[in-house]
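A.B. asks: For reference, this is data-v3.cif, and it has mmCIF, C-alpha atoms.
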```
data_model
#
loop_
_atom_site.label_atom_id
_atom_site.label_comp_id
_atom_site.auth_asym_id
_atom_site.auth_seq_id
_atom_site.Cartn_x
_atom_site.Cartn_y
_atom_site.Cartn_z
CA MET A 19 -15.86 -2.50 -25.85
CA ASN A 20 -12.94 -1.16 -27.86
CA PRO A 21 -12.38 -2.92 -31.21
CA SER A 22 -9.15 -4.75 -31.96
CA ILE A 23 -6.30 -2.96 -33.69
CA PRO A 24 -3.22 -4.39 -35.42
CA GLU A 25 -0.44 -5.65 -33.16
CA ARG A 26 1.98 -3.01 -34.47
CA GLU A 27 -0.41 -0.26 -33.44
CA GLU A 28 -0.81 -1.85 -30.02
CA ASN A 29 2.98 -1.89 -29.53
CA VAL A 30 3.37 1.70 -30.67
CA LEU A 31 0.48 2.92 -28.52
CA SER A 32 1.92 1.20 -25.44
CA SER A 33 5.34 2.68 -26.15
CA VAL A 34 3.95 6.18 -26.62
CA ILE A 35 2.03 5.97 -23.34
CA HIS A 36 4.99 4.63 -21.37
CA ALA A 37 7.31 7.30 -22.81
CA TYR A 38 4.83 10.11 -22.22
CA VAL A 39 4.15 9.00 -18.65
CA ALA A 40 7.89 9.04 -17.97
CA THR A 41 8.71 12.38 -19.60
CA ALA A 42 5.46 14.40 -19.87
CA LYS A 43 6.73 15.45 -23.33
CA PRO A 44 5.31 14.67 -26.79
CA VAL A 45 6.79 11.44 -28.15
CA ALA A 46 8.42 11.58 -31.61
CA SER A 47 8.87 8.65 -33.98
CA GLN A 48 12.66 8.84 -33.67
CA ALA A 49 12.42 8.15 -29.94
CA LEU A 50 10.47 4.94 -30.62
CA ALA A 51 12.43 3.58 -33.59
CA GLY A 52 15.29 2.06 -31.62
CA ARG A 53 13.04 0.67 -28.94
CA LEU A 54 10.69 -1.05 -31.40
CA GLU A 55 13.35 -2.01 -33.98
CA VAL A 56 11.39 -0.62 -36.92
CA SER A 57 12.03 2.40 -39.10
CA SER A 58 11.00 5.92 -38.18
CA ALA A 59 8.91 6.07 -41.35
CA THR A 60 6.91 2.99 -40.30
CA ILE A 61 6.36 4.44 -36.85
CA ARG A 62 5.28 7.79 -38.32
CA ASN A 63 2.64 6.05 -40.38
CA THR A 64 1.48 4.05 -37.35
CA LEU A 65 1.27 7.22 -35.26
CA MET A 66 -0.91 8.80 -37.94
CA ASP A 67 -3.19 5.74 -37.90
CA LEU A 68 -3.48 5.90 -34.11
CA GLU A 69 -4.30 9.60 -34.32
CA LYS A 70 -7.05 8.87 -36.86
CA ARG A 71 -8.49 6.33 -34.41
CA GLY A 72 -8.67 9.08 -31.78
CA PHE A 73 -6.03 7.50 -29.52
CA LEU A 74 -3.32 10.17 -29.92
CA THR A 75 -3.02 13.83 -30.78
CA HIS A 76 -0.16 16.18 -31.52
CA PRO A 77 -0.04 19.49 -29.67
CA HIS A 78 0.51 22.67 -31.65
CA THR A 79 3.18 22.25 -34.33
CA SER A 80 5.09 19.49 -32.53
CA SER A 81 5.84 16.34 -34.51
CA GLY A 82 5.47 14.29 -31.35
CA ARG A 83 2.25 12.70 -30.13
CA VAL A 84 0.54 12.56 -26.76
CA PRO A 85 -2.19 10.13 -25.66
CA VAL A 86 -5.77 11.29 -25.21
CA ASP A 87 -8.46 9.79 -22.97
CA GLN A 88 -9.57 7.23 -25.57
CA GLY A 89 -6.01 6.03 -26.04
CA TYR A 90 -5.52 5.58 -22.31
CA ARG A 91 -8.83 3.71 -22.15
CA PHE A 92 -7.80 1.26 -24.88
CA TYR A 93 -4.45 0.75 -23.14
CA VAL A 94 -6.05 0.08 -19.74
CA ASP A 95 -8.72 -2.27 -21.14
CA ARG A 96 -6.71 -4.21 -23.71
CA LEU A 97 -2.95 -3.80 -23.30
CA MET A 98 -2.06 -3.09 -19.68
CA LYS A 99 -0.83 -5.68 -17.24
CA ALA A 100 -0.80 -4.52 -13.64
CA ARG A 101 2.70 -4.58 -12.17
CA GLN A 102 3.35 -6.63 -9.06
CA VAL A 103 4.35 -4.73 -5.95
CA THR A 104 8.08 -5.10 -5.33
CA LEU A 105 9.58 -6.78 -2.26
CA LYS A 106 10.91 -3.41 -1.10
CA GLU A 107 7.45 -1.86 -1.37
CA LYS A 108 5.93 -4.77 0.56
CA GLN A 109 8.47 -4.28 3.34
CA GLN A 110 7.75 -0.54 3.46
CA ILE A 111 4.00 -1.19 3.67
CA GLU A 112 4.47 -3.65 6.52
CA ALA A 113 6.67 -1.17 8.38
CA GLU A 114 4.11 1.61 7.95
CA TYR A 115 1.24 -0.54 9.23
CA GLN A 116 3.27 -1.30 12.34
CA LYS A 117 3.07 2.42 13.14
CA ALA A 118 -0.69 2.60 12.72
CA LYS A 119 -3.07 2.30 15.63
CA ASP A 120 -5.58 -0.51 15.82
CA GLU A 121 -8.74 1.54 15.24
CA VAL A 122 -10.49 1.09 11.91
CA GLU A 123 -10.53 4.74 10.92
CA THR A 124 -6.85 5.16 11.81
CA LEU A 125 -5.92 2.20 9.62
CA VAL A 126 -7.98 3.60 6.75
CA ARG A 127 -6.38 7.03 7.04
CA HIS A 128 -2.93 5.47 7.24
CA THR A 129 -3.66 3.47 4.09
CA ALA A 130 -4.36 6.68 2.18
CA ARG A 131 -1.00 8.00 3.37
CA ILE A 132 0.83 4.85 2.23
CA LEU A 133 -0.89 4.96 -1.16
CA SER A 134 0.22 8.54 -1.66
CA ALA A 135 3.81 7.77 -0.71
CA MET A 136 3.95 4.76 -3.05
CA THR A 137 2.36 6.38 -6.10
CA ARG A 138 3.58 9.98 -5.62
CA LEU A 139 -0.01 10.98 -6.33
CA ALA A 140 -3.02 11.69 -4.10
CA GLY A 141 -4.13 8.70 -2.03
CA LEU A 142 -7.74 8.46 -0.89
CA ALA A 143 -9.61 6.19 1.46
CA VAL A 144 -13.10 6.15 2.89
CA PHE A 145 -14.73 3.94 5.50
CA HIS A 146 -18.44 3.46 4.89
CA VAL A 147 -20.23 3.64 8.21
CA PRO A 148 -23.02 1.01 8.17
CA ALA A 149 -26.50 2.19 9.15
CA ASP A 150 -26.80 -0.65 11.68
CA LEU A 151 -23.54 0.16 13.48
CA SER A 152 -24.00 -0.04 17.26
CA LEU A 153 -22.54 1.89 20.16
CA ASP A 154 -20.20 0.02 22.49
CA HIS A 155 -19.66 2.95 24.82
CA PHE A 156 -18.79 6.61 24.83
CA ARG A 157 -17.01 9.10 27.04
CA ILE A 158 -17.44 12.83 27.53
CA VAL A 159 -14.13 14.43 28.50
CA PRO A 160 -14.17 18.09 29.64
CA ILE A 161 -11.50 20.18 27.89
CA ASP A 162 -12.33 23.43 29.64
CA THR A 163 -15.44 25.07 31.09
CA ARG A 164 -17.12 25.44 27.70
CA ARG A 165 -15.78 22.56 25.60
CA VAL A 166 -15.86 18.78 25.83
CA MET A 167 -14.51 15.92 23.74
CA VAL A 168 -17.16 13.30 22.94
CA ILE A 169 -15.48 9.95 22.20
CA LEU A 170 -17.59 7.18 20.65
CA VAL A 171 -16.41 3.57 20.52
CA LEU A 172 -18.51 1.51 18.10
CA ASP A 173 -18.96 -2.22 17.71
CA GLN A 174 -16.61 -2.62 14.74
CA GLY A 175 -13.72 -0.93 16.47
CA LEU A 176 -14.45 2.44 14.90
CA VAL A 177 -13.61 5.36 17.17
CA ARG A 178 -15.06 8.81 16.61
CA GLU A 179 -13.88 11.90 18.47
CA GLU A 180 -15.76 15.18 18.25
CA LEU A 181 -14.87 18.44 19.99
CA VAL A 182 -18.13 20.11 21.00
CA SER A 183 -18.77 23.54 22.50
CA THR A 184 -21.55 24.14 25.02
CA ASP A 185 -23.42 27.27 26.05
CA ILE A 186 -23.39 26.37 29.75
CA PRO A 187 -20.42 25.81 32.09
CA VAL A 188 -19.16 22.23 32.27
CA ASP A 189 -18.92 20.58 35.69
CA PRO A 190 -16.60 17.50 35.37
CA LYS A 191 -18.39 15.62 38.17
CA GLU A 192 -21.79 16.16 36.61
CA VAL A 193 -20.46 15.18 33.18
CA LEU A 194 -19.15 11.89 34.64
CA LYS A 195 -22.54 11.07 36.15
CA ILE A 196 -24.38 11.87 32.93
CA THR A 197 -21.92 9.80 30.91
CA GLN A 198 -22.53 6.76 33.13
CA ILE A 199 -26.29 7.17 32.84
CA LEU A 200 -26.19 7.55 29.05
CA ASN A 201 -23.90 4.55 28.63
CA ARG A 202 -26.33 2.37 30.59
CA ARG A 203 -29.18 3.82 28.53
CA PHE A 204 -27.74 3.51 25.01
CA ALA A 205 -24.91 0.94 24.93
CA GLY A 206 -25.56 -1.79 22.36
CA GLN A 207 -28.15 0.16 20.38
CA SER A 208 -27.78 1.14 16.74
CA LEU A 209 -26.72 4.69 15.94
CA SER A 210 -29.96 5.42 14.09
CA ALA A 211 -32.05 4.27 17.07
CA ILE A 212 -29.92 6.32 19.49
CA ARG A 213 -30.27 9.49 17.44
CA GLY A 214 -34.05 9.17 17.33
CA GLN A 215 -34.24 8.80 21.11
CA LEU A 216 -31.72 11.58 21.72
CA LEU A 217 -33.87 14.11 19.93
CA GLN A 218 -36.90 13.20 22.03
CA GLU A 219 -35.03 13.15 25.33
CA ALA A 220 -33.21 16.41 24.60
CA GLU A 221 -36.56 18.09 24.03
CA SER A 222 -37.87 16.67 27.33
CA ALA A 223 -34.75 17.92 29.13
CA ARG A 224 -35.20 21.35 27.57
CA ARG A 225 -38.81 21.58 28.79
CA ALA A 226 -37.73 20.45 32.27
CA LYS A 227 -34.90 23.02 32.18
CA LEU A 228 -32.28 20.33 32.75
CA GLY A 229 -29.61 22.39 31.02
CA LEU A 230 -26.57 20.13 31.40
CA ILE A 231 -28.45 16.97 30.41
CA GLU A 232 -29.90 18.70 27.36
CA ALA A 233 -26.44 19.93 26.41
CA ALA A 234 -24.94 16.45 26.89
CA LEU A 235 -27.61 14.86 24.71
CA GLN A 236 -27.01 17.43 21.99
CA MET A 237 -23.25 16.84 22.22
CA VAL A 238 -23.69 13.12 21.68
CA ASP A 239 -26.14 13.73 18.83
CA GLU A 240 -23.62 15.99 17.09
CA ALA A 241 -20.86 13.41 17.45
CA LEU A 242 -23.15 10.71 16.04
CA ARG A 243 -23.54 12.55 12.75
CA PHE A 244 -21.28 10.29 10.76
CA SER A 245 -20.91 10.95 7.09
CA ALA A 246 -20.55 7.90 4.86
CA VAL A 247 -18.69 10.05 2.35
CA THR A 248 -15.97 11.44 4.61
CA ILE A 249 -12.74 11.05 2.64
CA HIS A 250 -9.20 10.75 3.94
CA LEU A 251 -7.05 12.44 1.30
CA GLU A 252 -3.27 12.39 1.58
CA GLY A 253 -0.52 13.71 -0.66
CA ALA A 254 -2.44 16.30 -2.66
CA SER A 255 0.84 18.22 -2.83
CA HIS A 256 2.12 15.50 -5.17
CA LEU A 257 -0.47 16.61 -7.72
CA ALA A 258 0.90 20.14 -7.69
CA GLU A 259 4.29 18.69 -8.63
CA GLN A 260 2.93 17.19 -11.86
CA PRO A 261 3.70 19.26 -15.01
CA GLU A 262 0.01 19.28 -16.01
CA PHE A 263 -0.94 21.22 -12.91
CA HIS A 264 1.64 23.98 -13.25
CA ASP A 265 -1.12 25.80 -15.12
CA PRO A 266 -2.69 28.17 -12.53
CA GLN A 267 -6.26 27.22 -13.51
CA LEU A 268 -5.60 23.49 -13.15
CA LEU A 269 -3.73 24.06 -9.89
CA GLU A 270 -6.80 25.90 -8.62
CA GLN A 271 -8.86 22.79 -9.41
CA VAL A 272 -6.49 20.72 -7.27
CA VAL A 273 -6.89 23.17 -4.39
CA ARG A 274 -10.71 23.05 -4.69
CA LEU A 275 -10.70 19.23 -4.67
CA VAL A 276 -8.64 19.21 -1.49
CA GLU A 277 -10.99 21.69 0.18
CA GLU A 278 -14.35 20.35 -0.99
CA ARG A 279 -13.76 16.64 -1.78
CA SER A 280 -17.41 16.17 -2.75
CA PRO A 281 -16.64 15.19 -6.38
CA LEU A 282 -14.28 12.51 -5.09
CA ALA A 283 -16.83 11.34 -2.55
CA SER A 284 -19.38 10.90 -5.32
CA VAL A 285 -17.04 8.69 -7.37
CA LEU A 286 -15.95 6.59 -4.39
CA GLY A 287 -19.55 6.22 -3.24
CA ARG A 288 -20.51 4.56 -6.52
CA GLN A 289 -17.54 2.21 -6.23
CA TRP A 290 -19.00 0.46 -3.17
CA ALA A 291 -21.75 -1.06 -5.27
CA LYS A 292 -19.53 -3.07 -7.62
CA PRO A 293 -16.58 -5.42 -7.13
CA GLY A 294 -13.13 -5.09 -8.60
CA LEU A 295 -10.77 -2.33 -9.56
CA SER A 296 -12.03 0.50 -11.77
CA VAL A 297 -10.21 3.12 -13.81
CA ALA A 298 -12.01 6.34 -14.75
CA ILE A 299 -10.12 8.52 -17.22
CA GLY A 300 -10.61 12.23 -17.84
CA ARG A 301 -13.97 12.92 -19.45
CA GLU A 302 -15.32 9.56 -18.29
CA LEU A 303 -15.70 11.23 -14.91
CA PRO A 304 -19.07 13.00 -14.76
CA GLN A 305 -17.85 15.88 -12.62
CA ALA A 306 -16.43 18.81 -14.60
CA GLU A 307 -13.90 19.38 -11.81
CA LEU A 308 -12.26 16.02 -12.58
CA ARG A 309 -11.97 16.21 -16.37
CA HIS A 310 -8.18 16.61 -16.24
CA PHE A 311 -7.73 13.73 -13.80
CA SER A 312 -7.79 9.96 -13.78
CA PHE A 313 -9.15 8.09 -10.79
CA VAL A 314 -8.24 4.49 -10.02
CA HIS A 315 -10.34 3.00 -7.22
CA VAL A 316 -11.26 -0.32 -5.64
CA PRO A 317 -13.57 -1.47 -2.80
CA TYR A 318 -12.23 -3.26 0.25
CA TYR A 319 -14.04 -5.67 2.55
CA TYR A 320 -14.43 -5.94 6.31
CA GLN A 321 -16.33 -8.68 8.11
CA GLY A 322 -17.55 -10.06 4.80
CA LYS A 323 -19.08 -6.80 3.56
CA VAL A 324 -17.90 -3.90 1.46
CA ALA A 325 -16.56 -1.46 4.03
CA GLY A 326 -15.37 1.36 1.80
CA ALA A 327 -13.06 2.15 -1.06
CA LEU A 328 -9.48 3.15 -1.77
CA GLY A 329 -8.43 5.39 -4.63
CA VAL A 330 -5.54 7.13 -6.33
CA LEU A 331 -6.09 10.46 -8.05
CA GLY A 332 -3.64 11.81 -10.60
CA PRO A 333 -3.34 13.31 -14.05
CA THR A 334 -4.49 11.29 -17.05
CA ARG A 335 -0.77 10.86 -17.71
CA MET A 336 -0.57 8.17 -15.06
CA ALA A 337 1.45 4.96 -14.82
CA TYR A 338 -1.75 2.88 -14.78
CA ASP A 339 0.02 -0.48 -14.68
CA ARG A 340 1.98 0.46 -11.58
CA VAL A 341 -0.86 2.29 -9.82
CA CYS A 342 -3.35 -0.54 -10.44
CA GLY A 343 -0.97 -3.10 -8.97
CA GLN A 344 -0.22 -0.96 -5.93
CA LEU A 345 -3.87 -0.14 -5.28
CA SER A 346 -5.00 -3.77 -5.51
CA HIS A 347 -2.22 -4.80 -3.14
CA MET A 348 -3.11 -2.08 -0.63
CA ALA A 349 -6.76 -3.15 -0.60
CA ARG A 350 -5.69 -6.68 0.35
CA GLN A 351 -3.28 -5.32 2.97
CA LEU A 352 -5.96 -3.15 4.56
CA GLU A 353 -8.37 -6.09 4.67
CA ALA A 354 -5.68 -8.22 6.36
CA ALA A 355 -4.92 -5.43 8.87
CA LEU A 356 -8.60 -5.08 9.72
CA SER A 357 -8.92 -8.84 10.20
CA ARG A 358 -5.87 -8.98 12.47
CA ARG A 359 -7.33 -6.38 14.77
CA GLY A 360 -10.11 -8.82 15.60
CA GLY A 361 -12.71 -7.94 13.02
#
```
Now, as a test, write the supplied structure out as structure tokens.
C.D. replies:
Amino acid sequence: MNPSIPEREENVLSSVIHAYVATAKPVASQALAGRLEVSSATIRNTLMDLEKRGFLTHPHTSSGRVPVDQGYRFYVDRLMKARQVTLKEKQQIEAEYQKAKDEVETLVRHTARILSAMTRLAGLAVFHVPADLSLDHFRIVPIDTRRVMVILVLDQGLVREELVSTDIPVDPKEVLKITQILNRRFAGQSLSAIRGQLLQEAESARRAKLGLIEAALQMVDEALRFSAVTIHLEGASHLAEQPEFHDPQLLEQVVRLVEERSPLASVLGRQWAKPGLSVAIGRELPQAELRHFSFVHVPYYYQGKVAGALGVLGPTRMAYDRVCGQLSHMARQLEAALSRRGG
């Protein structure tokens, strides 16, 4: 835990962080003197003390200071108070949820979009697919002679759609018959049990040269391959707007995160195991790709269990008090939306 520091240093550190978040420019003592009602000389001395503690640094020859990871950490742990979401923001959230469909995954994806719009940073959301999730029913819808859409409806209202190609021509009438047979065969069973049986039955169909049945079984198996670390990421373009990421190398990191997402999945995956909101700042993140970012994330609950996590990704120069308040509020809103849909 961070040790205590004098109240004057706390006030100056908070003021430096708020000013730097707002301007993205080094903060000089003159800019703080009027706000804190103390002399520039006193503030200069306090800034030097904070720099010695490792909370601030001064870039190049500038007289102004900027926060470093340790300074942000002290601020988040000891000084920050999360801001309440405003009435206008609450009304906007409610209006956005009215547009969302009722399916779980749609609500989760929509939440990431709302988070991004509110924070002007990247919003993330993931729904953790439980291992014991069961199939309610599925449909196989022919798109053309070589492609079908496999639609799975699961027992928690989760809907999965997967476009699958097949090596043999698709006969819509035959597909309908096979769909009815498979629904009678597998409805109500867990996904893990279904996949085990599918592999066996597909092999039997292959040996019996039942081409369409084998293909159908393989289609369903492919659609059942849920990933518990699939991330909905919205608003990555907001990151490119931040001054920190105008550097081509840092902008390339943003692009890689959007394309790969695996570093983010790793962080969110760990979040499921512990309650409450967490803030990871810069080098606290184990992945080298995230060293210039901060990640605020929180689990949300569905049917009494942790169902996934929400997160906001941005530069370390982040308005933590505002983002923490917005993220906590959105987690509660998502939980309420999931409950309303009959969860």
A.B. asks: Tell me, as a list of chain:residue names, which residues lie within 8 Å of Leu153 in chain A, counting only C-alpha atoms; anything in the same chain fewer than 4 positions away does not count.
C.D. replies: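 Contacts, with the query itself left out: A:Leu170, A:Val171, A:Leu172, A:Asp173, A:Phe204, A:Ala205, A:Gly206, A:Gln207, A:Ser208, A:Leu209.
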A.B. asks: Can you work out the spacing between CA of Arg62 in chain A and CA of Glu27 in chain A in Å, to one decimal?
C.D. replies: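 Separation of CA of Arg62 in chain A and CA of Glu27 in chain A: 11.0 Å.
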A.B. asks: Name all residues at most 9 Å from Val103 in chain A (count all atoms listed in the file; drop same-chain ones fewer than 6 positions away) and give them as a PyMOL selection string.
C.D. replies: chain A and resi 340+343-344+347
A.B. asks: Give as a ChimeraX atom specification the residues that the PyMOL selection byres ((chain A and resi 142) around 12) matches when applied to the coordinates above.
C.D. replies: /A:126-135,137,139-141,143-145,247-254,275-276,279,282-283,285-286,313-317,326-332,345,348-349
A.B. asks: Emit the selected residues as a tab-separated table (two decimals), in the frame of the given file, including C-alpha atoms.
C.D. replies:
```
chain	number	residue	atom	x	y	z
A	126	VAL	CA	-7.98	3.60	6.75
A	127	ARG	CA	-6.38	7.03	7.04
A	128	HIS	CA	-2.93	5.47	7.24
A	129	THR	CA	-3.66	3.47	4.09
A	130	ALA	CA	-4.36	6.68	2.18
A	131	ARG	CA	-1.00	8.00	3.37
A	132	ILE	CA	0.83	4.85	2.23
A	133	LEU	CA	-0.89	4.96	-1.16
A	134	SER	CA	0.22	8.54	-1.66
A	135	ALA	CA	3.81	7.77	-0.71
A	137	THR	CA	2.36	6.38	-6.10
A	139	LEU	CA	-0.01	10.98	-6.33
A	140	ALA	CA	-3.02	11.69	-4.10
A	141	GLY	CA	-4.13	8.70	-2.03
A	143	ALA	CA	-9.61	6.19	1.46
A	144	VAL	CA	-13.10	6.15	2.89
A	145	PHE	CA	-14.73	3.94	5.50
A	247	VAL	CA	-18.69	10.05	2.35
A	248	THR	CA	-15.97	11.44	4.61
A	249	ILE	CA	-12.74	11.05	2.64
A	250	HIS	CA	-9.20	10.75	3.94
A	251	LEU	CA	-7.05	12.44	1.30
A	252	GLU	CA	-3.27	12.39	1.58
A	253	GLY	CA	-0.52	13.71	-0.66
A	254	ALA	CA	-2.44	16.30	-2.66
A	275	LEU	CA	-10.70	19.23	-4.67
A	276	VAL	CA	-8.64	19.21	-1.49
A	279	ARG	CA	-13.76	16.64	-1.78
A	282	LEU	CA	-14.28	12.51	-5.09
A	283	ALA	CA	-16.83	11.34	-2.55
A	285	VAL	CA	-17.04	8.69	-7.37
A	286	LEU	CA	-15.95	6.59	-4.39
A	313	PHE	CA	-9.15	8.09	-10.79
A	314	VAL	CA	-8.24	4.49	-10.02
A	315	HIS	CA	-10.34	3.00	-7.22
A	316	VAL	CA	-11.26	-0.32	-5.64
A	317	PRO	CA	-13.57	-1.47	-2.80
A	326	GLY	CA	-15.37	1.36	1.80
A	327	ALA	CA	-13.06	2.15	-1.06
A	328	LEU	CA	-9.48	3.15	-1.77
A	329	GLY	CA	-8.43	5.39	-4.63
A	330	VAL	CA	-5.54	7.13	-6.33
A	331	LEU	CA	-6.09	10.46	-8.05
A	332	GLY	CA	-3.64	11.81	-10.60
A	345	LEU	CA	-3.87	-0.14	-5.28
A	348	MET	CA	-3.11	-2.08	-0.63
A	349	ALA	CA	-6.76	-3.15	-0.60
```
A.B. asks: Please compute the CA of Glu55 in chain A-CA of Tyr338 in chain A distance, one decimal, in Å.
C.D. replies: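 Separation of CA of Glu55 in chain A and CA of Tyr338 in chain A: 24.9 Å.
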A.B. asks: May I have a table of the residues of range 48-166 of chain A lying at most 12 Å from range 199-202 of chain A, giving each one's closest pair of atoms and their distance in Å to one decimal, counting all atoms listed in the file, ordered by chain and ascending residue number, as JSON lines?
C.D. replies:
```
{"residue": "A:Leu153", "atom": "CA", "partner": "A:Asn201", "partner_atom": "CA", "distance": 9.0}
{"residue": "A:Asp154", "atom": "CA", "partner": "A:Asn201", "partner_atom": "CA", "distance": 8.5}
{"residue": "A:His155", "atom": "CA", "partner": "A:Asn201", "partner_atom": "CA", "distance": 5.9}
{"residue": "A:Phe156", "atom": "CA", "partner": "A:Asn201", "partner_atom": "CA", "distance": 6.7}
{"residue": "A:Arg157", "atom": "CA", "partner": "A:Asn201", "partner_atom": "CA", "distance": 8.4}
{"residue": "A:Ile158", "atom": "CA", "partner": "A:Leu200", "partner_atom": "CA", "distance": 10.3}
```
A.B. asks: Could you tell me how far CA of Arg138 in chain A sits from CA of Ile299 in chain A, in Å to one decimal place?
C.D. replies: 18.0 Å
A.B. asks: Using all atoms listed in the file, determine which residues lie at most 8 Å from range 261-268 of chain A, disregarding the query and same-chain residues fewer than 5 positions distant; provide the list as an mmCIF file with C-alpha atoms, keeping the file's coordinate frame.
C.D. replies:
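Below you can see selection.cif, which holds the result:
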```cif
data_model
loop_
_atom_site.group_PDB
_atom_site.id
_atom_site.type_symbol
_atom_site.label_atom_id
_atom_site.label_comp_id
_atom_site.auth_asym_id
_atom_site.auth_seq_id
_atom_site.Cartn_x
_atom_site.Cartn_y
_atom_site.Cartn_z
ATOM 1 C CA ALA A 42 5.460 14.400 -19.870
ATOM 2 C CA HIS A 310 -8.180 16.610 -16.240
ATOM 3 C CA PRO A 333 -3.340 13.310 -14.050
#
```
A.B. asks: When the PyMOL selection byres ((chain A and resi 185) around 8) is applied to the structure above, which residues does it catch, written out as a ChimeraX atom specification?
C.D. replies: /A:164,183-184,186-187,233
A.B. asks: Next, the residues of the selection above should be written as a PDB file, keeping the file's coordinate frame with C-alpha atoms.
C.D. replies:
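Now in result.pdb:
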```
ATOM      1  CA  ARG A 164     -17.120  25.440  27.700  1.00  0.00           C
ATOM      2  CA  SER A 183     -18.770  23.540  22.500  1.00  0.00           C
ATOM      3  CA  THR A 184     -21.550  24.140  25.020  1.00  0.00           C
ATOM      4  CA  ILE A 186     -23.390  26.370  29.750  1.00  0.00           C
ATOM      5  CA  PRO A 187     -20.420  25.810  32.090  1.00  0.00           C
ATOM      6  CA  ALA A 233     -26.440  19.930  26.410  1.00  0.00           C
TER       7      ALA A 233
END
```
A.B. asks: Could you tell me which of A:Ala51, A:Ser32, A:Thr124, A:Val297 comes closest to Val341 in chain A if we count only C-alpha atoms?
C.D. replies: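 Ranked by minimum distance to Val341 in chain A, first place goes to A:Val297.
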A.B. asks: If the PyMOL selection byres ((chain A and resi 188) around 9) is run on the structure shown, which residues does it catch, given as a short mmCIF file (atom, residue, chain, number, x, y, z; two decimals) with C-alpha atoms, in the coordinates of the input?
C.D. replies:
```
data_model
loop_
_atom_site.label_atom_id
_atom_site.label_comp_id
_atom_site.auth_asym_id
_atom_site.auth_seq_id
_atom_site.Cartn_x
_atom_site.Cartn_y
_atom_site.Cartn_z
CA PRO A 160 -14.17 18.09 29.64
CA ASP A 162 -12.33 23.43 29.64
CA THR A 163 -15.44 25.07 31.09
CA ARG A 164 -17.12 25.44 27.70
CA ARG A 165 -15.78 22.56 25.60
CA VAL A 166 -15.86 18.78 25.83
CA THR A 184 -21.55 24.14 25.02
CA ILE A 186 -23.39 26.37 29.75
CA PRO A 187 -20.42 25.81 32.09
CA ASP A 189 -18.92 20.58 35.69
CA PRO A 190 -16.60 17.50 35.37
CA LYS A 191 -18.39 15.62 38.17
CA GLU A 192 -21.79 16.16 36.61
CA VAL A 193 -20.46 15.18 33.18
CA LEU A 230 -26.57 20.13 31.40
#
```
A.B. asks: Would you please work out which residue, of A:Arg335, A:Lys108, A:Arg358, A:Lys70, is nearest to Lys43 in chain A when using only C-alpha atoms?
C.D. replies: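 Result for the nearest residue to Lys43 in chain A: A:Arg335.
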A.B. asks: So, counting all atoms listed in the file, which residue among A:Met336, A:Val273, A:Ala298, A:Val56 is closest to Pro85 in chain A?
C.D. replies: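 Closest candidate: A:Met336.
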